[in-house]
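What follows is input-v9.cif (mmCIF, C-alpha atoms).
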data_structure
#
loop_
_atom_site.label_atom_id
_atom_site.label_comp_id
_atom_site.auth_asym_id
_atom_site.auth_seq_id
_atom_site.Cartn_x
_atom_site.Cartn_y
_atom_site.Cartn_z
CA MET D 220 0.00 0.00 0.00
CA VAL D 221 2.90 2.33 0.87
CA MET D 222 4.56 1.57 -2.45
CA MET D 223 1.31 2.29 -4.37
CA GLY D 224 0.95 5.67 -2.60
CA LYS D 225 4.53 6.67 -3.48
CA PHE D 226 3.88 5.78 -7.17
CA LYS D 227 0.75 7.95 -7.36
CA PHE D 228 2.56 10.85 -5.74
CA SER D 229 5.47 10.56 -8.23
CA CYS D 230 3.09 10.64 -11.24
CA ALA D 231 1.28 13.70 -9.93
CA LEU D 232 4.63 15.44 -9.39
CA ARG D 233 5.69 14.73 -12.98
CA ALA D 234 2.43 16.05 -14.37
CA LEU D 235 2.79 19.24 -12.36
CA TYR D 236 6.34 19.60 -13.61
CA LEU D 237 5.29 19.32 -17.26
CA VAL D 238 2.54 21.91 -16.78
CA LEU D 239 5.02 24.33 -15.19
CA VAL D 240 7.49 23.83 -18.09
CA PHE D 241 4.74 24.49 -20.66
CA VAL D 242 3.63 27.69 -18.86
CA VAL D 243 7.21 28.98 -18.68
CA LEU D 244 7.89 28.30 -22.37
CA PHE D 245 4.59 29.86 -23.45
CA THR D 246 5.26 32.95 -21.33
CA PHE D 247 8.78 33.28 -22.77
CA PHE D 248 7.41 32.98 -26.34
CA GLN D 249 4.83 35.68 -25.77
CA ILE D 250 7.41 38.04 -24.28
CA HIS D 251 9.71 37.39 -27.24
CA MET D 252 6.98 38.10 -29.79
CA THR D 253 6.05 41.41 -28.16
CA ARG D 254 9.66 42.59 -28.14
CA THR D 255 10.73 41.30 -31.60
CA PRO D 256 9.33 42.91 -34.82
CA SER D 257 7.24 40.54 -36.96
CA LEU D 258 9.25 38.50 -39.43
CA SER D 259 6.49 39.06 -42.06
CA THR D 260 6.62 42.84 -41.95
CA PRO D 261 9.46 43.36 -44.48
CA THR D 262 7.77 40.96 -46.90
CA ASP D 263 4.46 42.77 -46.56
CA VAL D 264 6.18 46.08 -47.20
CA ARG D 265 7.84 44.72 -50.30
CA LEU D 266 4.53 43.31 -51.59
CA ASP D 267 2.76 46.62 -50.98
CA SER D 268 5.53 48.37 -52.85
CA LYS D 269 5.26 45.98 -55.79
CA TRP D 270 1.49 46.38 -55.96
CA LYS D 271 1.88 50.15 -55.99
CA GLU D 272 4.46 49.89 -58.77
CA MET D 273 2.11 47.69 -60.81
CA GLU D 274 -0.79 50.09 -60.26
CA ASP D 275 1.39 52.99 -61.36
CA LEU D 276 2.51 51.00 -64.41
CA GLY D 277 -1.12 50.13 -65.25
CA SER D 278 -2.06 53.81 -65.04
CA LYS D 279 0.84 54.69 -67.33
CA VAL D 280 -0.25 52.00 -69.84
CA LYS D 281 -3.79 53.42 -69.80
CA ASP D 282 -2.50 56.94 -70.26
CA SER D 283 -0.25 55.83 -73.13
CA VAL D 284 -3.22 54.75 -75.30
CA VAL D 285 -3.19 57.09 -78.31
CA PHE D 286 -6.37 57.87 -80.26
CA LEU D 287 -5.94 58.59 -83.98
CA PRO D 288 -8.49 60.09 -86.42
CA LEU D 289 -10.82 57.50 -87.95
CA LYS D 290 -10.55 59.39 -91.25
CA ASP D 291 -6.98 60.20 -92.17
CA VAL D 292 -7.19 63.30 -94.37
CA ARG D 293 -3.63 62.71 -95.60
CA PHE D 294 -5.10 60.07 -97.93
CA GLU D 295 -8.00 62.19 -99.13
CA ASN D 296 -6.85 61.95 -102.75
CA ASN D 297 -6.84 58.11 -102.63
CA PRO D 298 -9.37 57.31 -99.93
CA MET D 299 -10.21 53.79 -101.14
CA GLU D 300 -6.78 52.41 -101.96
CA GLY D 301 -4.53 50.28 -99.75
CA ASN D 302 -5.39 50.76 -96.08
CA THR D 303 -7.84 53.49 -97.16
CA TRP D 304 -8.26 56.63 -95.09
CA PHE D 305 -10.27 54.73 -92.44
CA MET D 306 -8.06 53.44 -89.60
CA SER D 307 -5.12 53.94 -91.93
CA SER D 308 -2.45 52.86 -89.42
CA VAL D 309 -3.80 49.27 -89.24
CA ASN D 310 -3.12 46.74 -91.98
CA ASP D 311 -5.74 44.38 -93.39
CA THR D 312 -5.62 40.63 -93.03
CA GLY D 313 -6.19 38.87 -96.36
CA LYS D 314 -4.64 38.82 -99.81
CA ASP D 315 -5.66 40.76 -102.90
CA GLY D 316 -8.69 39.18 -104.51
CA GLU D 317 -9.76 37.68 -101.20
CA LEU D 318 -11.75 38.87 -98.21
CA LYS D 319 -9.89 41.68 -96.40
CA TYR D 320 -10.65 42.45 -92.79
CA MET D 321 -9.30 43.60 -89.42
CA GLU D 322 -10.05 41.52 -86.33
CA PHE D 323 -9.64 42.58 -82.71
CA PRO D 324 -8.22 41.10 -80.56
CA SER D 325 -5.93 39.01 -82.72
CA MET D 326 -2.29 38.10 -83.20
CA GLU D 327 -2.01 41.03 -85.60
CA SER D 328 -3.21 43.43 -82.89
CA ASN D 329 -1.00 41.80 -80.22
CA GLY D 330 -4.08 40.88 -78.24
CA ARG D 331 -5.37 44.45 -78.09
CA VAL D 332 -9.03 45.37 -78.49
CA LEU D 333 -10.51 48.18 -80.58
CA CYS D 334 -11.68 51.37 -78.86
CA ILE D 335 -13.63 54.08 -80.68
CA LYS D 336 -14.65 57.65 -79.92
CA GLY D 337 -17.09 58.01 -82.77
CA ARG D 338 -20.29 60.00 -82.38
CA ASN D 339 -19.61 62.74 -84.92
CA THR D 340 -21.87 62.60 -88.00
CA ILE D 341 -20.32 65.54 -89.89
CA ASP D 342 -16.56 65.01 -90.12
CA GLY D 343 -14.94 61.60 -89.75
CA SER D 344 -11.59 63.16 -88.83
CA TRP D 345 -13.16 64.26 -85.52
CA ASN D 346 -13.91 60.65 -84.63
CA SER D 347 -11.00 58.53 -83.42
CA TYR D 348 -9.83 55.01 -82.64
CA ALA D 349 -7.17 53.31 -80.55
CA LEU D 350 -5.97 49.82 -79.64
CA ALA D 351 -5.72 48.88 -75.96
CA TRP D 352 -5.12 45.81 -73.82
CA PRO D 353 -8.33 44.58 -72.16
CA ARG D 354 -6.89 45.01 -68.63
CA TYR D 355 -5.72 48.55 -69.36
CA LEU D 356 -8.57 50.29 -71.16
CA PRO D 357 -8.56 54.09 -71.48
CA SER D 358 -10.12 56.12 -68.69
CA ASN D 359 -13.89 56.57 -69.02
CA ALA D 360 -14.06 53.64 -71.47
CA ILE D 361 -17.14 51.42 -71.66
CA TYR D 362 -16.49 47.75 -72.39
CA MET D 363 -18.94 46.34 -74.95
CA LYS D 364 -19.39 42.60 -74.47
CA GLY D 365 -19.92 40.22 -77.37
CA SER D 366 -19.15 40.51 -81.08
CA SER D 367 -19.38 43.78 -83.03
CA PHE D 368 -19.34 44.34 -86.80
CA VAL D 369 -17.74 47.69 -87.69
CA CYS D 370 -18.34 48.83 -91.27
CA ASN D 371 -17.00 51.86 -93.11
CA SER D 372 -18.23 52.77 -96.58
CA TYR D 373 -17.04 55.51 -98.90
CA TYR D 374 -20.60 55.70 -100.22
CA ILE D 375 -23.95 56.28 -98.51
CA TYR D 376 -26.15 53.57 -97.00
CA ASP D 377 -29.29 55.15 -98.50
CA ASN D 378 -28.49 53.56 -101.86
CA ILE D 379 -29.18 49.82 -101.87
CA TRP D 380 -26.32 49.06 -104.27
CA HIS D 381 -23.66 50.96 -102.32
CA GLY D 382 -24.99 49.85 -98.93
CA LEU D 383 -25.10 46.21 -99.99
CA SER D 384 -21.58 46.39 -101.44
CA ALA D 385 -20.27 47.58 -98.05
CA MET D 386 -22.06 44.85 -96.07
CA MET D 387 -21.55 41.84 -98.35
CA PRO D 388 -18.05 41.16 -96.92
CA PHE D 389 -19.67 40.59 -93.51
CA VAL D 390 -21.97 37.99 -95.08
CA GLU D 391 -18.96 36.14 -96.44
CA TRP D 392 -17.29 36.26 -93.01
CA TYR D 393 -20.54 35.11 -91.38
CA MET D 394 -20.57 32.02 -93.59
CA LYS D 395 -16.92 31.21 -92.90
CA ASP D 396 -17.38 31.78 -89.16
CA GLU D 397 -20.07 29.09 -88.88
CA CYS D 398 -22.84 31.71 -88.89
CA GLN D 399 -21.89 33.32 -85.58
CA LEU D 400 -24.17 36.33 -85.11
CA PRO D 401 -22.96 39.80 -84.06
CA GLN D 402 -24.48 41.59 -81.07
CA ARG D 403 -24.29 44.97 -82.79
CA TRP D 404 -23.32 46.85 -85.96
CA VAL D 405 -21.33 50.09 -85.97
CA LEU D 406 -21.66 51.95 -89.28
CA PHE D 407 -19.49 54.73 -90.67
CA ASN D 408 -19.58 56.64 -93.95
CA LYS D 409 -16.19 58.26 -94.58
CA GLY D 410 -15.55 57.92 -90.86
CA GLU D 411 -18.82 59.68 -89.95
CA LEU D 412 -21.23 57.77 -87.71
CA ARG D 413 -24.43 56.52 -89.34
CA VAL D 414 -27.35 55.07 -87.38
CA SER D 415 -29.71 53.97 -90.16
CA VAL D 416 -29.80 52.42 -93.63
CA ILE D 417 -32.40 52.36 -96.39
CA PRO D 418 -35.36 50.08 -95.41
CA TRP D 419 -34.73 47.59 -98.26
CA LEU D 420 -31.18 47.02 -97.04
CA LYS D 421 -32.25 46.87 -93.40
CA GLU D 422 -34.71 44.07 -94.10
CA LEU D 423 -32.23 42.18 -96.26
CA MET D 424 -29.64 42.25 -93.45
CA GLU D 425 -32.25 41.24 -90.88
CA ALA D 426 -33.19 38.31 -93.10
CA THR D 427 -29.56 37.29 -93.65
CA PHE D 428 -28.51 37.58 -90.01
CA ASP D 429 -31.65 36.07 -88.46
CA GLY D 430 -32.92 39.40 -87.16
CA GLN D 431 -29.56 40.44 -85.66
CA PHE D 432 -29.10 43.87 -87.22
CA GLN D 433 -28.91 46.26 -84.29
CA ILE D 434 -27.18 49.48 -85.35
CA GLU D 435 -25.24 51.12 -82.51
CA ASP D 436 -25.89 54.84 -82.04
CA PHE D 437 -23.78 55.29 -78.85
CA ASP D 438 -26.69 57.27 -77.43
CA GLY D 439 -26.44 57.49 -73.64
CA LYS D 440 -23.35 55.27 -73.57
CA TYR D 441 -20.81 57.99 -72.75
CA ASP D 442 -20.53 59.76 -69.40
CA ASN D 443 -18.77 62.67 -71.09
CA ASP D 444 -17.54 63.78 -74.50
CA ASP D 445 -14.14 62.22 -73.91
CA GLY D 446 -15.52 58.71 -73.31
CA SER D 447 -14.86 55.78 -75.61
CA MET D 448 -16.32 52.39 -76.47
CA CYS D 449 -14.02 49.36 -76.33
CA PHE D 450 -15.24 46.16 -77.97
CA GLU D 451 -14.63 42.70 -76.58
CA LYS D 452 -14.58 41.37 -80.16
CA ALA D 453 -14.66 43.55 -83.28
CA LEU D 454 -14.57 42.73 -86.98
CA VAL D 455 -13.79 45.74 -89.18
CA MET D 456 -14.40 45.94 -92.94
CA ARG D 457 -13.53 48.98 -95.06
CA HIS D 458 -13.54 47.55 -98.62
CA SER D 459 -16.57 46.94 -100.82
CA PHE D 460 -17.42 43.37 -101.80
CA ARG D 461 -15.15 42.17 -104.58
CA MET D 462 -16.81 41.69 -107.96
CA THR D 463 -14.82 38.64 -108.98
CA VAL D 464 -16.44 35.61 -110.58
CA SER D 465 -15.96 32.57 -108.37
CA GLU D 466 -18.04 29.81 -106.85
CA GLU D 467 -17.33 31.35 -103.45
CA THR D 468 -18.87 34.75 -104.28
CA ILE D 469 -21.82 33.07 -106.00
CA ARG D 470 -22.53 31.08 -102.83
CA VAL D 471 -22.55 34.28 -100.78
CA TYR D 472 -25.33 35.56 -103.05
CA ASP D 473 -27.05 32.17 -102.78
CA LEU D 474 -27.20 32.49 -99.01
CA ILE D 475 -28.64 36.01 -99.16
CA ARG D 476 -31.25 34.93 -101.72
CA CYS D 477 -32.23 31.88 -99.70
CA LYS D 478 -32.46 33.83 -96.43
CA ALA D 479 -34.55 36.56 -98.09
CA ARG D 480 -37.04 34.02 -99.43
CA MET D 481 -37.34 32.32 -96.07
CA TYR D 482 -37.80 35.70 -94.36
CA CYS D 483 -40.62 36.62 -96.77
CA ASN D 484 -42.09 33.10 -96.80
CA VAL D 485 -41.57 32.83 -100.57
CA SER D 486 -40.98 29.47 -102.25
CA SER D 487 -38.65 29.16 -105.21
CA LYS D 488 -41.57 28.90 -107.60
CA SER D 489 -45.26 28.50 -106.89
CA GLU D 490 -46.86 25.40 -108.42
CA ALA D 491 -49.36 27.50 -110.34
CA ASN D 492 -46.66 29.57 -111.99
CA GLU D 493 -44.60 26.47 -112.79
CA LYS D 494 -47.53 24.91 -114.69
CA ARG D 495 -48.76 28.03 -116.41
CA PHE D 496 -45.65 30.13 -117.13
CA LYS D 497 -42.23 28.97 -118.23
CA ILE D 498 -40.65 32.42 -118.55
CA GLY D 499 -41.22 35.39 -116.28
CA MET D 500 -40.15 38.74 -117.77
CA THR D 501 -40.24 41.76 -115.45
CA LEU D 502 -40.02 45.36 -116.61
CA LEU D 503 -38.83 47.17 -113.46
CA LEU D 504 -39.27 50.88 -114.10
CA ARG D 505 -38.10 54.09 -112.42
CA ASN D 506 -39.73 57.44 -111.80
CA GLY D 507 -37.78 60.62 -112.46
CA THR D 508 -34.11 60.29 -113.34
CA ARG D 509 -33.17 57.56 -115.82
CA SER D 510 -36.81 56.79 -116.52
CA PHE D 511 -37.99 56.17 -120.08
CA THR D 512 -39.20 59.20 -122.00
CA ASN D 513 -42.23 57.17 -123.07
CA SER D 514 -42.81 54.21 -120.76
CA SER D 515 -46.08 53.25 -122.45
CA ILE D 516 -44.38 52.55 -125.77
CA VAL D 517 -41.55 50.61 -124.11
CA ILE D 518 -44.09 48.48 -122.21
CA ARG D 519 -46.00 47.75 -125.43
CA ILE D 520 -42.81 46.67 -127.22
CA PHE D 521 -41.96 44.10 -124.55
CA GLN D 522 -45.57 42.94 -124.28
CA GLN D 523 -45.58 42.13 -127.98
CA ALA D 524 -42.26 40.32 -127.76
CA CYS D 525 -43.48 38.27 -124.79
CA ARG D 526 -46.70 37.26 -126.52
CA LYS D 527 -44.69 35.63 -129.30
CA VAL D 528 -43.17 33.13 -126.86
CA LYS D 529 -45.33 30.39 -125.39
CA GLY D 530 -45.39 30.42 -121.60
CA CYS D 531 -44.04 33.99 -121.30
CA ARG D 532 -45.59 36.41 -118.83
CA LEU D 533 -44.67 40.11 -118.60
CA VAL D 534 -44.99 41.97 -115.29
CA VAL D 535 -44.58 45.75 -115.14
CA ALA D 536 -43.65 47.25 -111.79
CA TYR D 537 -42.19 50.42 -110.34
CA SER D 538 -39.51 49.71 -107.76
CA ASP D 539 -40.46 52.68 -105.58
CA ASN D 540 -43.93 51.20 -105.07
CA LEU D 541 -42.77 47.78 -103.82
CA SER D 542 -41.93 46.66 -100.31
CA PHE D 543 -38.89 44.51 -99.67
CA CYS D 544 -40.87 41.26 -99.60
CA GLU D 545 -42.80 42.28 -102.71
CA HIS D 546 -39.44 42.64 -104.45
CA VAL D 547 -38.41 39.20 -103.20
CA LYS D 548 -41.63 37.59 -104.39
CA LEU D 549 -41.49 39.26 -107.82
CA MET D 550 -37.84 38.36 -108.41
CA SER D 551 -38.45 34.74 -107.40
CA VAL D 552 -40.66 34.33 -110.51
CA THR D 553 -38.51 36.49 -112.80
CA ASN D 554 -36.21 34.94 -115.41
CA ILE D 555 -35.54 38.16 -117.36
CA LEU D 556 -35.14 41.50 -115.60
CA VAL D 557 -35.53 44.52 -117.88
CA SER D 558 -34.60 47.83 -116.24
CA PRO D 559 -32.69 51.12 -116.59
CA HIS D 560 -29.34 51.51 -114.86
CA GLY D 561 -29.92 52.25 -111.18
CA ALA D 562 -30.02 50.90 -107.66
CA GLN D 563 -33.22 48.95 -108.37
CA LEU D 564 -31.18 46.57 -110.55
CA THR D 565 -29.61 45.29 -107.32
CA ASN D 566 -32.77 43.20 -106.99
CA MET D 567 -31.27 40.85 -109.58
CA LEU D 568 -29.58 38.98 -106.71
CA LEU D 569 -33.04 37.77 -105.65
CA MET D 570 -33.57 35.89 -108.95
CA ASP D 571 -32.55 32.26 -109.49
CA ARG D 572 -29.08 31.63 -110.85
CA ASN D 573 -28.66 31.91 -114.65
CA SER D 574 -31.49 34.44 -114.92
CA SER D 575 -30.96 37.27 -117.41
CA VAL D 576 -30.58 41.06 -117.08
CA MET D 577 -31.22 43.69 -119.79
CA GLU D 578 -29.91 47.17 -118.90
CA PHE D 579 -30.50 50.65 -120.37
CA LEU D 580 -28.37 53.80 -120.07
CA PRO D 581 -28.95 57.45 -121.02
CA ASN D 582 -26.71 59.31 -123.43
CA GLY D 583 -23.38 60.49 -122.03
CA TRP D 584 -22.61 57.64 -119.63
CA LEU D 585 -20.02 55.97 -121.82
CA GLU D 586 -17.97 59.18 -122.02
CA HIS D 587 -18.41 60.58 -118.51
CA ALA D 588 -19.61 57.97 -115.99
CA GLY D 589 -16.37 56.06 -115.43
CA ILE D 590 -16.31 52.50 -114.12
CA GLY D 591 -19.53 53.01 -112.14
CA GLN D 592 -21.52 52.30 -115.28
CA TYR D 593 -20.36 48.67 -115.21
CA VAL D 594 -21.29 47.76 -111.62
CA HIS D 595 -24.45 45.85 -112.57
CA GLN D 596 -22.59 43.85 -115.18
CA TRP D 597 -20.06 42.89 -112.52
CA MET D 598 -22.81 42.05 -110.06
CA ALA D 599 -24.57 39.84 -112.61
CA ASP D 600 -21.36 37.93 -113.25
CA SER D 601 -20.41 37.51 -109.58
CA SER D 602 -23.93 36.42 -108.56
CA GLY D 603 -24.32 33.81 -111.30
CA MET D 604 -26.66 35.82 -113.59
CA ARG D 605 -26.41 36.49 -117.32
CA HIS D 606 -25.95 40.12 -118.23
CA GLN D 607 -27.41 40.36 -121.73
CA GLY D 608 -25.87 43.72 -122.57
CA VAL D 609 -26.65 47.43 -122.36
CA TRP D 610 -28.60 49.68 -124.71
CA ARG D 611 -27.13 53.18 -124.70
CA ASP D 612 -29.37 55.98 -125.87
CA PRO D 613 -27.59 57.71 -128.78
CA ARG D 614 -29.51 60.95 -128.26
CA ALA D 615 -29.34 63.58 -125.50
CA HIS D 616 -33.00 64.51 -125.49
CA ASP D 617 -32.76 67.48 -123.14
CA CYS D 618 -29.63 68.98 -124.70
CA THR D 619 -30.64 69.22 -128.36
CA ASN D 620 -31.42 72.96 -128.08
CA SER D 621 -28.45 73.80 -125.88
CA LYS D 622 -25.79 76.22 -127.16
CA ASN D 623 -23.08 73.88 -125.85
CA VAL D 624 -24.39 70.34 -126.28
CA ASP D 625 -21.21 68.64 -124.98
CA LEU D 626 -21.18 70.68 -121.76
CA CYS D 627 -24.90 70.06 -121.28
CA ILE D 628 -24.38 66.31 -121.62
CA LYS D 629 -21.45 66.31 -119.20
CA ASN D 630 -23.38 68.23 -116.55
CA SER D 631 -26.62 66.27 -116.76
CA PHE D 632 -25.86 62.73 -117.97
CA LYS D 633 -26.60 61.05 -114.61
CA ASP D 634 -30.12 62.41 -114.37
CA ARG D 635 -31.12 62.24 -118.03
CA GLN D 636 -34.10 60.22 -119.26
CA ILE D 637 -33.81 57.31 -121.66
CA GLY D 638 -35.42 57.15 -125.08
CA TYR D 639 -36.28 54.03 -127.06
CA ASN D 640 -35.65 52.23 -130.33
CA GLY D 641 -38.68 50.12 -131.19
CA SER D 642 -37.10 47.86 -133.81
CA TYR D 643 -33.96 47.20 -131.76
CA PHE D 644 -35.89 46.58 -128.52
CA SER D 645 -38.14 44.08 -130.31
CA TRP D 646 -35.16 42.22 -131.79
CA TRP D 647 -33.21 42.28 -128.51
CA ALA D 648 -36.18 41.05 -126.44
CA GLY D 649 -36.85 38.23 -128.94
CA LYS D 650 -33.22 37.14 -128.87
CA VAL D 651 -33.06 36.97 -125.06
CA LEU D 652 -36.46 35.25 -124.81
CA ASP D 653 -35.34 32.61 -127.29
CA GLU D 654 -32.14 31.97 -125.35
CA VAL D 655 -33.95 31.73 -122.02
CA SER D 656 -36.60 29.41 -123.43
CA ARG D 657 -33.82 26.99 -124.41
CA SER D 658 -32.14 27.04 -120.98
CA ASN D 659 -33.23 26.55 -117.43
CA PRO D 660 -32.36 28.80 -114.49
CA VAL D 661 -30.83 27.11 -111.47
CA SER D 662 -33.47 26.91 -108.75
CA MET D 663 -32.61 27.52 -105.12
CA VAL D 664 -33.42 23.91 -104.32
CA GLY D 665 -30.15 22.01 -104.06
CA VAL D 666 -28.00 25.14 -104.28
CA SER D 667 -28.17 26.50 -100.75
CA GLY D 668 -30.19 23.80 -99.04
CA LEU D 669 -31.67 25.24 -95.86
CA CYS D 670 -29.56 28.43 -96.02
CA GLY D 671 -26.76 26.91 -93.96
CA CYS D 672 -23.13 27.94 -93.77
CA ILE D 673 -21.65 26.49 -96.96
CA LEU D 674 -18.23 28.08 -97.48
#
This structure in structure tokens:
Amino acid sequence: MVMMGKFKFSCALRALYLVLVFVVLFTFFQIHMTRTPSLSTPTDVRLDSKWKEMEDLGSKVKDSVVFLPLKDVRFENNPMEGNTWFMSSVNDTGKDGELKYMEFPSMESNGRVLCIKGRNTIDGSWNSYALAWPRYLPSNAIYMKGSSFVCNSYYIYDNIWHGLSAMMPFVEWYMKDECQLPQRWVLFNKGELRVSVIPWLKELMEATFDGQFQIEDFDGKYDNDDGSMCFEKALVMRHSFRMTVSEETIRVYDLIRCKARMYCNVSSKSEANEKRFKIGMTLLLRNGTRSFTNSSIVIRIFQQACRKVKGCRLVVAYSDNLSFCEHVKLMSVTNILVSPHGAQLTNMLLMDRNSSVMEFLPNGWLEHAGIGQYVHQWMADSSGMRHQGVWRDPRAHDCTNSKNVDLCIKNSFKDRQIGYNGSYFSWWAGKVLDEVSRSNPVSMVGVSGLCGCIL
């Protein structure tokens, strides 16, 4: 019993000893910590210093972003050549004869995004652009999420030919990019902001891009006049659609045609028209400039020519009186389009492949109009149509009594009316009708399928 008591006492003494040692060591550690500066303090100071240096560097990077004029007036004499006068410091991606574009961010931009200060609608040189890294955007910049299509055209968007020529490159890109839709469009004309296009073109783009044609106006986006818009993804085009003849360009037109017909709920050919009419001839007339001096006689000439061919039907229409979908429907049953030179001839792209076009020009165009007089011939070729030639009026009807006929022609050739030649028109119409009756236009069925991405 005595031995057991001594053992218990010894254990208790050891436990007490260990507790006392722990208390002493803990007390010593606390005293040491209060007297010795923290070992982490120098590291924290260094980190704070590094963070401050990085913040200062980031501010300097932001401040170093340089905005340049969207329209570079140094290239005013050659505004459409090379890099053009729009964003002239940035090179295009793409070879001659192919699609040319600028993409941001990209390897070419070193990962930088596009920023624009661009609300001016009067002078494009007052609008500006810059490239910036996403983490170091300019002060007061607004970051626009998603994909943006940025288009600059030398010509106005109120003309369906010029507007379409500027936007066709985006259709080609859209097909190559697996039909990825943009969140917004930013439109410029000579570097000047534009917020609308002609209704025909608006509906065609809505049809092509499945309703995604939201034109950015920057309204209410800026906090002040010095603010900018920076785009997460931006595709920039500044060249009109190339008028080369290739299967690739033809398929771009095929997609637009197919999308337009789906949008307007128009089939390639109605069953009734297929059974009753083999050839649809449409006389698409103009009011005012480049109209016929006597439309009634011209209509009668083509009516007589059409009656001589079994299964031919002539439709007379004025382009100004038709809605977009009415144009689409009419062109879907047209094999021969007869019309004066003008924007309304752009509707040829809505016809089936291998359809024919007959064009008329006033006096003076051959001498004074330049290459612009050939645009519809180029369009016919690049869209898979047959341009059957041009009749040029040999007479200047409104200049016959002028003291200086040549000067009168030069000053008024664009707006002059077009006369007629009954015997030639009859022969020409008969020739084209005979050719068309022996051939078949290529229907949309099997060409573009369900309007998918086919490039």
(Q) I'd like the neighbourhood of stretch 355-362 of chain D as a ChimeraX atom specification, where a residue qualifies if any of its atoms comes within 6 Å (using all atoms listed in the file), though same-chain residues fewer than 6 positions away should be ignored. (A) /D:281,446-450
Using C-alpha atoms, can you export the residues from the last selection as a compact mmCIF listing (two decimals), in the coordinates of the input?
# COMPACT_ATOMS: atom_id res chain seq x y z
CA LYS D 281 -3.79 53.42 -69.80
CA GLY D 446 -15.52 58.71 -73.31
CA SER D 447 -14.86 55.78 -75.61
CA MET D 448 -16.32 52.39 -76.47
CA CYS D 449 -14.02 49.36 -76.33
CA PHE D 450 -15.24 46.16 -77.97
Q.
Using Å and a single decimal, report how far atom CA of D:Leu383 sits from atom CA of D:Gly313.
A. 20.6 Å
Target residues per the PyMOL selection byres ((chain D and resi 437) around 12), formatted as a PDB file with C-alpha atoms, in the frame of the given file:
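Produced file part.pdb, reproduced below:
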ATOM      1  CA  ILE D 335     -13.630  54.080 -80.680  1.00  0.00           C
ATOM      2  CA  LYS D 336     -14.650  57.650 -79.920  1.00  0.00           C
ATOM      3  CA  GLY D 337     -17.090  58.010 -82.770  1.00  0.00           C
ATOM      4  CA  ARG D 338     -20.290  60.000 -82.380  1.00  0.00           C
ATOM      5  CA  ASN D 339     -19.610  62.740 -84.920  1.00  0.00           C
ATOM      6  CA  THR D 340     -21.870  62.600 -88.000  1.00  0.00           C
ATOM      7  CA  ILE D 361     -17.140  51.420 -71.660  1.00  0.00           C
ATOM      8  CA  MET D 363     -18.940  46.340 -74.950  1.00  0.00           C
ATOM      9  CA  ARG D 403     -24.290  44.970 -82.790  1.00  0.00           C
ATOM     10  CA  TRP D 404     -23.320  46.850 -85.960  1.00  0.00           C
ATOM     11  CA  VAL D 405     -21.330  50.090 -85.970  1.00  0.00           C
ATOM     12  CA  LEU D 406     -21.660  51.950 -89.280  1.00  0.00           C
ATOM     13  CA  LEU D 412     -21.230  57.770 -87.710  1.00  0.00           C
ATOM     14  CA  ARG D 413     -24.430  56.520 -89.340  1.00  0.00           C
ATOM     15  CA  VAL D 414     -27.350  55.070 -87.380  1.00  0.00           C
ATOM     16  CA  GLN D 433     -28.910  46.260 -84.290  1.00  0.00           C
ATOM     17  CA  ILE D 434     -27.180  49.480 -85.350  1.00  0.00           C
ATOM     18  CA  GLU D 435     -25.240  51.120 -82.510  1.00  0.00           C
ATOM     19  CA  ASP D 436     -25.890  54.840 -82.040  1.00  0.00           C
ATOM     20  CA  ASP D 438     -26.690  57.270 -77.430  1.00  0.00           C
ATOM     21  CA  GLY D 439     -26.440  57.490 -73.640  1.00  0.00           C
ATOM     22  CA  LYS D 440     -23.350  55.270 -73.570  1.00  0.00           C
ATOM     23  CA  TYR D 441     -20.810  57.990 -72.750  1.00  0.00           C
ATOM     24  CA  ASP D 442     -20.530  59.760 -69.400  1.00  0.00           C
ATOM     25  CA  ASN D 443     -18.770  62.670 -71.090  1.00  0.00           C
ATOM     26  CA  ASP D 444     -17.540  63.780 -74.500  1.00  0.00           C
ATOM     27  CA  GLY D 446     -15.520  58.710 -73.310  1.00  0.00           C
ATOM     28  CA  SER D 447     -14.860  55.780 -75.610  1.00  0.00           C
ATOM     29  CA  MET D 448     -16.320  52.390 -76.470  1.00  0.00           C
ATOM     30  CA  CYS D 449     -14.020  49.360 -76.330  1.00  0.00           C
TER      31      CYS D 449
END
Q: For a cut-off of 12 Å around (-8.3, 53.8, -94.2), file coordinates, pick out all residues using only C-alpha atoms and list them as an MDAnalysis selection string.
A: chainID D and resid 287:311 320:321 343:344 348 370:373 407:410 455:458
Q.
Starting from the PyMOL selection byres ((chain D and resi 352) around 8), expand the selection into actual residues of this file and give them as a list in words.
A.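 For this structure, the PyMOL selection byres ((chain D and resi 352) around 8) captures Gly330, Arg331, Val332, Leu350, Ala351, Pro353, Arg354, Tyr355 and Leu356 of chain D.
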Q.
Could you list, as an NGL selection string, every residue within 10 Å of D:Val655, counting all atoms listed in the file and ignoring same-chain residues fewer than 2 positions away?
A. :D and (497-499 or 554-555 or 573-575 or 649-653 or 657-660)
Q: Name every residue that the PyMOL selection byres ((chain D and resi 565-571) around 9) selects in this structure, writing the answer as a PyMOL selection string with chains first and numbers rising.
A: chain D and resi 379-380+383+472-473+475-477+479-480+487+546-556+561-564+572-576+595+598-599+602-604+660-663
D:Phe323 environment, 6 Å, only C-alpha atoms, sequence neighbours closer than 2 positions dropped, as a PDB file with C-alpha atoms, in the frame of the given file:
ATOM      1  CA  SER D 325      -5.930  39.010 -82.720  1.00  0.00           C
ATOM      2  CA  VAL D 332      -9.030  45.370 -78.490  1.00  0.00           C
ATOM      3  CA  LYS D 452     -14.580  41.370 -80.160  1.00  0.00           C
ATOM      4  CA  ALA D 453     -14.660  43.550 -83.280  1.00  0.00           C
TER       5      ALA D 453
END
